[in-house]
Amino acid sequence: MSMPRRQGGDVLSWLSRVSFALSYLLAMSTPAWKQGTFTHVPVLRFRLSGQRFQVGVLTLLPLLSAVAWGVAHVVQRPARGWRWGPRHALLPVIGFGAWSLIRIWPIHIQHTALVTAVSIALFWSTYLYLLQEQGERWALWLVAALVTVQGGVAVLQFARQSALGLSALGELAIDPQGQGASVIEAGGRRWLRAYGLTPHPNVLGGYLGMGLLVCLGALVFGRARWRRWLWVPLILGSMGLFFTFSRAAWLGTGVGLAFMIAVTRLWRVVQWRSPRVRQRACVAGIVLVAAAVVLSVLFRDLLVTRFLRLSSPLEATSIQERLVDMRQAWGLIRTVPLKGTGSGYYIGALWAGVGEDRPPGFRRVHSTLLLATAELGVGGALLWMWLLLAPPVALVRQPERARSQIVGWAAALLAAVVVGLFDSYLYIPSTWWPALYVGLMLGGWACAYGTGRDQEQTR
């Protein structure tokens, strides 16, 4: 009886992993709650605080994954208990999530509290699921698949300068002449920046940059049998990242890359005496330089506008709006520095502070650090920084562990810190996107850190 039970548990475990992977890829390819794959074939509709919610049949995929995993866990009766990951990862994961849930109270808006609670639940579940399933490789391939899909869509969008008609997945109806579209005005033309299947080019750029660092770490230090396939997401993801024209994403990716080179001392790892290694390095260098030159020449006006023509109407307006948002955020922080406004109540707190002369509207501040401080207080902001900085700091303190694919996960989290200084789409309590992505990054790091795969490997 033990063998059939074991085989049945393996089937259920496989079903759980497949359901989890599909759920993750679909969720990370859906820009908004109210449209896309998880609203099709509705099985439940409800209203909460005046907001309409529609739950589609594909929303049952995460439930199927959880049930299959639970039954498999009971059937297989694993001797080993729960895996929690290293303390430097586990403690901030618990601390930041718990404080975000505590600061839901008192509940002023029900649907805001629901979004925060669901986001933290997804964050914790993703982190713990990967650890229980020892899912480092699963996490890597999920990142690679996501980068491939989003990068490919981004390249096609930029080439066509319009949406691809993927409305079933929730693709936005973007058009360079449409009001509100994120564009660059150069050479008398409005150029549409690549959105992918995300709500904004900056969001796409940040997630692509983090994913590229993970894939690059696995390509350089991973197992030679399968790492060659990572060139596909690296090429498509790099092109997609370029066409987002997101300066913060470019900076974060660059900082993460510099961290990888420095902490691994890559110039010492590579066996430069080998003719084969020198030949490959030479070819790679020529290709990279040629690609950089071609892109710089073809899109010179767009790059000049993004970096040098900051007084152009679009760039000047964007910069001015961000400065106004930062002043408003600092005003809230000075008012409630310790406990903050509460999870999800940043905009509501701004509205509560205005008098009869009401402004046309408020925006969320373009800084995860400022947003976390405003909503969760100084303690919440410290927990946020601890959450992201603990892995790269651990590698700095243990450089002998850095020469493995684990360095890609740490570099991605460091890139998230840099990106978070300039934008707030990585703020976990806000929606499922950052909850799933940061949870995956930390789960992948924890799996790699706690297994034998992160031993030094040289080529």
# chains A, B, ... in the order shown; residues from 1 in each chain; ligands from 1
>>> select_by_dssp(residues="range 213-411 of chain A", states="alpha helix (DSSP H)", output="PyMOL selection string")
chain A and resi 213-221+231-244+247-264+266-269+275-298+300-307+313-335+346-352+368-397+406-411
>>> select_by_dssp(residues="range 95-306 of chain A", states="strand (DSSP E or B)", output="mmCIF file with N, CA and C atoms, in the first residue's frame")
data_model
loop_
_atom_site.group_PDB
_atom_site.id
_atom_site.type_symbol
_atom_site.label_atom_id
_atom_site.label_comp_id
_atom_site.auth_asym_id
_atom_site.auth_seq_id
_atom_site.Cartn_x
_atom_site.Cartn_y
_atom_site.Cartn_z
ATOM 1 N N VAL A 183 4.446 58.086 -23.311
ATOM 2 C CA VAL A 183 5.154 58.257 -24.579
ATOM 3 C C VAL A 183 6.388 59.130 -24.379
ATOM 4 N N ILE A 184 7.212 59.155 -25.419
ATOM 5 C CA ILE A 184 8.353 60.068 -25.490
ATOM 6 C C ILE A 184 8.173 60.911 -26.745
ATOM 7 N N GLU A 185 8.229 62.201 -26.588
ATOM 8 C CA GLU A 185 8.120 63.094 -27.738
ATOM 9 C C GLU A 185 9.513 63.437 -28.232
ATOM 10 N N ALA A 186 9.821 62.967 -29.446
ATOM 11 C CA ALA A 186 11.143 63.202 -30.025
ATOM 12 C C ALA A 186 11.016 63.244 -31.532
ATOM 13 N N ARG A 189 7.556 63.413 -33.129
ATOM 14 C CA ARG A 189 6.724 62.216 -33.102
ATOM 15 C C ARG A 189 6.547 61.736 -31.662
ATOM 16 N N ARG A 190 5.391 61.168 -31.393
ATOM 17 C CA ARG A 190 5.118 60.558 -30.087
ATOM 18 C C ARG A 190 5.426 59.064 -30.173
ATOM 19 N N TRP A 191 6.434 58.630 -29.407
ATOM 20 C CA TRP A 191 6.846 57.234 -29.400
ATOM 21 C C TRP A 191 6.234 56.545 -28.175
ATOM 22 N N LEU A 192 5.509 55.463 -28.426
ATOM 23 C CA LEU A 192 4.900 54.705 -27.346
ATOM 24 C C LEU A 192 5.948 53.829 -26.668
#
>>> closest_atom_pairs(of="range 390-455 of chain A", to="range 311-324 of chain A", cutoff="12 Å", atoms="only C-alpha atoms", output="Markdown table")
| residue | atom | partner | partner_atom | distance |
| --- | --- | --- | --- | --- |
| A:Leu421 | CA | A:Arg322 | CA | 11.9 |
| A:Phe422 | CA | A:Arg322 | CA | 9.1 |
| A:Asp423 | CA | A:Arg322 | CA | 9.6 |
| A:Ser424 | CA | A:Arg322 | CA | 11.6 |
>>> write_last_selection(atoms="N, CA and C atoms", output="compact mmCIF listing (two decimals), in the first residue's frame")
# COMPACT_ATOMS: atom_id res chain seq x y z
N LEU A 421 13.36 53.51 -4.74
CA LEU A 421 13.63 54.90 -4.40
C LEU A 421 12.93 55.86 -5.34
N PHE A 422 12.56 55.38 -6.54
CA PHE A 422 12.01 56.24 -7.58
C PHE A 422 10.58 55.88 -8.00
N ASP A 423 10.08 54.75 -7.52
CA ASP A 423 8.71 54.36 -7.86
C ASP A 423 8.17 53.45 -6.78
N SER A 424 6.84 53.24 -6.79
CA SER A 424 6.20 52.54 -5.67
C SER A 424 5.48 51.27 -6.09
>>> closest_residue(among="A:Ala290, A:Leu12, A:Ala415, A:Ala248", to="Ala68 in chain A", atoms="only C-alpha atoms")
A:Leu12
>>> residues_around(residues="Thr244 in chain A", least_positions_apart="6", cutoff="7 Å", atoms="only C-alpha atoms", output="list in words")
Arg193, Ala194, Tyr195, Pro201, Asn202 and Gly205 of chain A
>>> closest_residue(among="A:Ala27, A:Arg334, A:Leu234, A:Ala329", to="Val147 in chain A", atoms="only C-alpha atoms")
A:Leu234
>>> closest_atom_pairs(of="range 246-363 of chain A", to="range 426-433 of chain A", cutoff="12 Å", atoms="only C-alpha atoms", output="Markdown table")
| residue | atom | partner | partner_atom | distance |
| --- | --- | --- | --- | --- |
| A:Ala249 | CA | A:Leu426 | CA | 11.9 |
| A:Gly342 | CA | A:Pro429 | CA | 10.6 |
| A:Ser343 | CA | A:Pro429 | CA | 6.9 |
| A:Gly344 | CA | A:Ser430 | CA | 6.7 |
| A:Tyr345 | CA | A:Ser430 | CA | 10.2 |
| A:Tyr346 | CA | A:Ser430 | CA | 10.7 |
>>> write_last_selection(atoms="C-alpha atoms", output="mmCIF file, in the first residue's frame")
data_model
loop_
_atom_site.group_PDB
_atom_site.id
_atom_site.type_symbol
_atom_site.label_atom_id
_atom_site.label_comp_id
_atom_site.auth_asym_id
_atom_site.auth_seq_id
_atom_site.Cartn_x
_atom_site.Cartn_y
_atom_site.Cartn_z
ATOM 1 C CA ALA A 249 14.762 50.247 -14.059
ATOM 2 C CA GLY A 342 -2.458 52.662 7.866
ATOM 3 C CA SER A 343 -2.095 50.100 5.080
ATOM 4 C CA GLY A 344 -3.715 51.368 1.891
ATOM 5 C CA TYR A 345 -4.879 54.694 3.312
ATOM 6 C CA TYR A 346 -2.238 56.997 1.850
#
>>> closest_residue(among="A:Thr264, A:Arg247, A:Thr148, A:Leu395", to="Ile235 in chain A", atoms="only C-alpha atoms")
A:Thr148
>>> residues_around(residues="Ala411 in chain A", least_positions_apart="3", cutoff="12 Å", atoms="only C-alpha atoms", output="VMD selection string")
chain A and resid 209 to 218 252 to 264 388 to 396 402 405 to 408 414 to 418 441 to 442 445
>>> atom_distance(atom1="CA of Met326 in chain A", atom2="CA of Gly348 in chain A")
16.0 Å
>>> residues_around(residues="Leu130 in chain A", least_positions_apart="3", cutoff="8 Å", atoms="only C-alpha atoms", output="PyMOL selection string")
chain A and resi 126-127+133-136+139+440+443-444+447
>>> residues_around(residues="Pro86 in chain A", least_positions_apart="4", cutoff="8 Å", atoms="only C-alpha atoms", output="ChimeraX atom specification")
/A:90,446,449-450
>>> write_last_selection(atoms="C-alpha atoms", output="CSV table (one decimal), in the first residue's frame")
chain,number,residue,atom,x,y,z
A,90,LEU,CA,12.2,34.7,7.5
A,446,ALA,CA,15.9,31.1,0.7
A,449,TYR,CA,20.7,29.6,0.5
A,450,GLY,CA,19.6,26.5,2.3
>>> closest_residue(among="A:Arg327, A:Trp138, A:Gly97, A:Leu370", to="Val118 in chain A", atoms="only C-alpha atoms")
A:Gly97
>>> atom_distance(atom1="CA of Phe158 in chain A", atom2="CA of Leu22 in chain A")
26.5 Å
